[in-house]
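Everything below belongs to coords_17.cif, which stores mmCIF, C-alpha atoms.
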```cif
data_my_file
#
loop_
_atom_site.label_atom_id
_atom_site.label_comp_id
_atom_site.auth_asym_id
_atom_site.auth_seq_id
_atom_site.Cartn_x
_atom_site.Cartn_y
_atom_site.Cartn_z
CA MET T 185 0.00 0.00 0.00
CA ARG T 186 1.61 3.24 -1.09
CA LYS T 187 1.08 6.74 0.24
CA PRO T 188 1.08 9.72 -2.12
CA ALA T 189 0.20 13.13 -0.73
CA ARG T 190 -3.49 13.40 0.06
CA SER T 191 -5.86 16.07 -1.18
CA LEU T 192 -7.77 18.26 1.24
CA SER T 193 -10.14 19.66 -1.39
CA VAL T 194 -12.72 16.85 -1.40
CA PRO T 195 -15.08 15.53 1.28
CA THR T 196 -13.84 12.64 3.38
CA THR T 197 -15.44 9.27 2.66
CA TRP T 198 -15.72 6.98 5.70
CA LEU T 199 -15.23 3.26 5.14
CA ILE T 200 -17.06 1.11 7.69
CA THR T 201 -15.53 -2.34 7.98
CA ARG T 202 -18.14 -4.33 9.89
CA GLU T 203 -20.69 -6.62 8.38
CA ALA T 204 -23.63 -4.87 6.77
CA ASP T 205 -26.19 -5.83 9.42
CA ASP T 206 -23.97 -4.28 12.11
CA ALA T 207 -23.06 -1.13 10.21
CA ARG T 208 -26.38 0.74 9.99
CA ALA T 209 -26.03 3.03 13.00
CA GLU T 210 -22.43 3.93 12.23
CA ARG T 211 -23.23 4.60 8.59
CA GLU T 212 -25.98 6.99 9.63
CA ALA T 213 -23.60 8.72 12.05
CA HIS T 214 -21.05 9.35 9.29
CA GLY T 215 -23.62 10.54 6.76
CA GLU T 216 -24.67 9.53 3.28
CA GLY T 217 -21.11 9.42 1.98
CA ALA T 218 -20.13 6.52 4.23
CA ILE T 219 -19.45 3.19 2.49
CA VAL T 220 -19.79 -0.24 4.09
CA VAL T 221 -16.81 -2.41 3.16
CA PRO T 222 -16.97 -5.46 5.43
CA CYS T 223 -13.55 -6.79 6.44
CA VAL T 224 -15.05 -9.76 8.31
CA GLU T 225 -17.56 -12.49 7.66
CA THR T 226 -18.96 -14.73 10.36
CA LYS T 227 -20.32 -18.27 10.32
CA LEU T 228 -22.37 -19.39 13.30
CA LEU T 229 -21.55 -22.77 14.81
CA PRO T 230 -23.75 -25.09 16.91
CA TRP T 231 -24.10 -24.07 20.55
CA PRO T 232 -21.96 -26.50 22.56
CA TRP T 233 -23.85 -26.57 25.88
CA PRO T 234 -27.29 -28.27 26.02
CA SER T 235 -27.99 -26.40 29.25
CA SER T 236 -26.23 -23.74 31.29
CA ARG T 237 -28.82 -23.60 34.07
CA LYS T 238 -26.21 -24.12 36.78
CA SER T 239 -23.55 -22.00 35.08
CA LEU T 240 -22.66 -18.39 34.36
CA THR T 241 -22.50 -17.73 30.61
CA PHE T 242 -19.92 -15.09 29.74
CA PHE T 243 -21.22 -13.25 26.65
CA THR T 244 -18.83 -10.81 25.01
CA SER T 245 -20.26 -10.40 21.50
CA ARG T 246 -23.54 -10.16 19.67
CA ARG T 247 -22.43 -13.00 17.41
CA ALA T 248 -22.25 -15.28 20.44
CA VAL T 249 -25.81 -14.26 21.29
CA SER T 250 -26.82 -15.01 17.70
CA ALA T 251 -25.21 -18.46 17.88
CA TRP T 252 -27.13 -19.22 21.07
CA ALA T 253 -30.43 -18.03 19.57
CA ALA T 254 -29.86 -19.89 16.28
CA SER T 255 -29.34 -23.12 18.21
CA GLY T 256 -32.79 -22.92 19.78
CA LYS T 257 -31.94 -20.86 22.87
CA PRO T 258 -30.73 -23.61 25.22
CA THR T 259 -31.44 -22.94 28.88
CA LEU T 260 -29.25 -20.29 30.47
CA GLY T 261 -28.58 -19.66 34.12
CA ASN T 262 -26.87 -16.45 35.17
CA VAL T 263 -25.41 -14.32 32.41
CA ALA T 264 -22.55 -11.80 32.23
CA ALA T 265 -22.46 -9.49 29.21
CA LEU T 266 -20.54 -6.60 27.74
CA LYS T 267 -22.41 -3.33 27.37
CA PRO T 268 -24.03 -1.94 25.39
CA ALA T 269 -24.38 -4.05 22.26
CA THR T 270 -24.16 -7.56 23.72
CA SER T 271 -26.36 -6.86 26.73
CA THR T 272 -28.91 -5.18 24.44
CA ALA T 273 -28.92 -8.20 22.10
CA LEU T 274 -29.60 -10.47 25.08
CA GLU T 275 -32.39 -8.22 26.33
CA ALA T 276 -34.01 -8.46 22.89
CA GLU T 277 -34.08 -12.23 23.45
CA GLY T 278 -35.60 -11.80 26.92
CA VAL T 279 -32.37 -12.35 28.87
CA GLN T 280 -31.17 -9.90 31.53
CA ALA T 281 -27.50 -10.04 32.48
CA VAL T 282 -26.69 -10.11 36.20
CA VAL T 283 -23.16 -8.80 35.55
CA THR T 284 -22.25 -6.16 32.97
CA ALA T 285 -19.23 -4.05 32.05
CA ASP T 286 -18.37 -1.72 29.19
CA GLY T 287 -14.58 -1.81 29.17
CA GLY T 288 -13.93 -5.05 27.25
CA VAL T 289 -13.52 -8.70 28.17
CA VAL T 290 -11.02 -8.07 30.96
CA SER T 291 -13.30 -5.53 32.58
CA LEU T 292 -16.18 -8.00 32.40
CA ALA T 293 -14.04 -10.72 33.98
CA GLU T 294 -13.14 -8.33 36.79
CA ALA T 295 -16.83 -7.59 37.29
CA VAL T 296 -17.56 -11.32 37.53
CA LEU T 297 -14.88 -11.68 40.19
CA GLY T 298 -16.51 -8.91 42.19
CA TRP T 299 -19.95 -10.50 41.83
CA ALA T 300 -19.05 -14.15 42.53
CA LYS T 301 -19.94 -15.41 46.00
CA GLY T 302 -18.51 -18.89 45.55
CA PRO T 303 -16.96 -21.23 42.94
CA LEU T 304 -18.62 -20.91 39.54
CA THR T 305 -18.90 -22.98 36.40
CA ILE T 306 -18.40 -20.48 33.58
CA HIS T 307 -19.33 -21.06 29.94
CA TYR T 308 -17.41 -18.70 27.65
CA PRO T 309 -18.69 -18.64 24.02
CA THR T 310 -16.32 -16.93 21.59
CA SER T 311 -14.98 -17.08 18.05
CA ASP T 312 -12.21 -19.16 16.54
CA LEU T 313 -9.99 -16.08 16.50
CA GLY T 314 -10.99 -15.13 20.01
CA LEU T 315 -9.41 -18.36 21.26
CA LYS T 316 -6.05 -16.79 20.32
CA SER T 317 -6.72 -13.33 21.75
CA PRO T 318 -4.28 -11.98 24.39
CA GLU T 319 -7.16 -10.11 26.02
CA GLN T 320 -9.12 -13.34 26.35
CA ALA T 321 -6.08 -15.06 27.81
CA HIS T 322 -5.96 -12.36 30.48
CA ALA T 323 -9.70 -12.67 31.08
CA LEU T 324 -9.32 -16.44 31.48
CA GLU T 325 -6.68 -15.95 34.17
CA LEU T 326 -9.09 -13.76 36.10
CA LEU T 327 -12.12 -16.00 35.59
CA ALA T 328 -10.13 -19.03 36.77
CA LYS T 329 -10.03 -17.36 40.18
CA ALA T 330 -13.84 -17.50 40.25
CA GLY T 331 -14.23 -21.13 39.19
CA THR T 332 -13.96 -23.51 36.24
CA VAL T 333 -14.06 -22.00 32.76
CA ASP T 334 -15.20 -23.87 29.64
CA ARG T 335 -14.36 -21.68 26.61
CA ARG T 336 -15.47 -22.79 23.15
CA SER T 337 -15.87 -21.36 19.67
CA VAL T 338 -19.47 -20.69 18.63
CA TYR T 339 -18.69 -18.75 15.44
CA GLU T 340 -15.91 -18.50 12.88
CA ILE T 341 -14.48 -15.30 11.42
CA THR T 342 -13.03 -15.07 7.90
CA ALA T 343 -12.12 -12.34 5.42
CA PRO T 344 -14.57 -11.71 2.54
CA SER T 345 -13.34 -13.24 -0.71
CA ASN T 346 -13.68 -9.93 -2.60
CA LEU T 347 -12.06 -7.72 0.05
CA ARG T 348 -9.13 -6.53 -2.08
CA GLU T 349 -11.39 -5.39 -4.90
CA ALA T 350 -13.85 -3.79 -2.49
CA LEU T 351 -11.13 -1.76 -0.76
CA GLU T 352 -9.48 -0.65 -3.99
CA GLY T 353 -12.85 0.45 -5.34
CA SER T 354 -13.86 2.36 -2.19
CA ALA T 355 -10.69 3.88 -0.66
CA ARG T 356 -10.34 6.67 -3.18
CA GLY T 357 -9.89 10.40 -2.81
CA GLU T 358 -9.78 11.52 0.81
CA TRP T 359 -10.96 8.62 2.94
CA ALA T 360 -11.13 7.55 6.57
CA ILE T 361 -11.86 4.13 8.05
CA SER T 362 -13.30 2.60 11.19
CA PHE T 363 -12.62 -0.82 12.68
CA ALA T 364 -14.53 -2.65 15.40
CA SER T 365 -12.20 -5.62 15.92
CA PRO T 366 -8.55 -6.63 15.57
CA SER T 367 -9.53 -9.27 13.00
CA ALA T 368 -10.96 -6.58 10.72
CA VAL T 369 -7.64 -4.74 10.91
CA GLN T 370 -5.73 -7.95 10.13
CA HIS T 371 -7.94 -8.72 7.15
CA PHE T 372 -7.56 -5.15 5.87
CA PHE T 373 -3.79 -5.39 5.76
CA GLY T 374 -3.87 -9.00 4.60
CA SER T 375 -6.07 -8.18 1.61
CA GLY T 376 -3.16 -7.02 -0.55
CA ALA T 377 -5.13 -3.97 -1.66
CA VAL T 378 -3.05 -1.30 -3.42
CA LEU T 379 -4.42 2.06 -2.27
CA GLU T 380 -3.62 5.45 -3.77
CA GLN T 381 -3.15 7.20 -0.43
CA ALA T 382 -3.30 6.68 3.32
CA PRO T 383 -6.51 7.28 5.28
CA VAL T 384 -6.79 10.71 6.86
CA ARG T 385 -8.31 9.28 10.03
CA VAL T 386 -8.66 5.84 11.62
CA ALA T 387 -11.23 5.05 14.32
CA CYS T 388 -10.84 1.84 16.33
CA LEU T 389 -13.23 0.52 18.93
CA GLY T 390 -11.37 -0.67 22.00
CA ALA T 391 -7.75 -0.88 23.02
CA ALA T 392 -7.10 -4.22 21.30
CA THR T 393 -8.32 -2.92 17.93
CA GLU T 394 -6.36 0.29 18.35
CA ARG T 395 -3.18 -1.67 19.10
CA ALA T 396 -3.75 -3.93 16.10
CA TRP T 397 -3.89 -0.92 13.77
CA ASN T 398 -1.00 0.99 15.33
CA SER T 399 1.32 -2.03 15.23
CA ALA T 400 0.50 -2.89 11.59
CA ARG T 401 0.17 0.54 9.96
CA PRO T 402 2.80 1.51 7.35
CA ALA T 403 5.23 4.28 8.20
CA GLY T 404 3.56 7.65 7.86
CA TRP T 405 0.02 6.35 8.18
CA PRO T 406 -2.01 7.92 11.00
CA LEU T 407 -2.29 6.49 14.48
CA ALA T 408 -5.75 5.28 15.37
CA PHE T 409 -7.95 6.97 17.91
CA ASN T 410 -10.00 4.81 20.26
CA SER T 411 -13.66 5.48 19.55
CA ARG T 412 -15.96 4.20 22.27
CA GLU T 413 -18.98 5.77 20.58
CA ILE T 414 -19.38 2.86 18.16
CA SER T 415 -21.65 0.16 19.57
CA THR T 416 -20.34 -3.22 18.43
CA HIS T 417 -18.99 -6.61 19.49
CA PRO T 418 -15.36 -5.74 20.19
CA GLU T 419 -14.02 -9.11 20.94
CA VAL T 420 -12.10 -10.22 17.83
#
```

What do you get writing this file as structure tokens?
Amino acid sequence: MRKPARSLSVPTTWLITREADDARAEREAHGEGAIVVPCVETKLLPWPWPSSRKSLTFFTSRRAVSAWAASGKPTLGNVAALKPATSTALEAEGVQAVVTADGGVVSLAEAVLGWAKGPLTIHYPTSDLGLKSPEQAHALELLAKAGTVDRRSVYEITAPSNLREALEGSARGEWAISFASPSAVQHFFGSGAVLEQAPVRVACLGAATERAWNSARPAGWPLAFNSREISTHPEV
């Protein structure tokens, strides 16, 4: 990806990198010129627990909620959930979380530790990429202090097959981009897209996404700013 000098004479086009069904609110916030260019695709997997009645289910993404719902909504006991998007998705399914946090998976794990009154059995649904996440590894260390943790993948994340073409066709003129997960950042740089100039601004939801961009960006490309105004599933 090369970086000629950018022009300041044209409006900035925002590229939104989440899947289309997640991008509506952000697209409206950025105006009619925003373009949805998904950098992730998800595939839901079967829910692995027939019942969690005696367990605490640790929900950290809307996709995990979707996997649970698509599998027939097996019985849940207590639920912990990230705010606002994941807890809202659960509420739409009639489930109220007993523990919530809005600072990411580590913050939610810390909240569970503060709530727990005795040893817990914790079910932790995540993605295939989430199983490799450093933030999840930290959260697991904390949750292990509260009881036994069973973490499994309930959805898979891949890059869209046409991502290179989509980026090259959209990142033109003066453009900015927003990311809601480290995997979206990884897929962006892994696409091989040849872009005419660097983005003028980069918004990343959460510290993990911000770090992913800042560590991978080419020399001279802007540092990301951490935007907590984007409601999303910030896990992977």

**Q.** Nearest residue to Ser399 of chain T from the set T:Ala251, T:Val369, T:Leu304, T:Ala269 (distances using only C-alpha atoms)
**A.**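 Under the stated criterion, the closest residue is T:Val369.
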
Q: Starting from the displayed file, determine the output of the PyMOL selection byres ((chain T and resi 271) around 9) and express the residue list as a PyMOL selection string.
A: chain T and resi 243-246+264-270+272-276+279-281+284

(Q) Expand the PyMOL selection byres ((chain T and resi 314) around 12) into the explicit residue set it covers here, and present it as a PyMOL selection string. (A) chain T and resi 244-245+247-248+289+308-313+315-324+335-341+365-367+392+417-420

Q: Mind checking which residues fall within 8 Å of Ile200 of chain T, counting all atoms listed in the file, ignoring those fewer than 2 positions away in the same chain, and posting them as an MDAnalysis selection string?
A: chainID T and resid 198 202 207 210:211 218:222 361:363

Q: Pull out every residue that the PyMOL selection byres ((chain T and resi 402) around 12) matches in the shown coordinates and put them as a ChimeraX atom specification.
A: /T:185-187,373,381-383,397-401,403-407

Q) What separation in Å, quoted to one decimal, exists between atom CA of Leu228 of chain T and atom CA of His371 of chain T? A) 19.0 Å
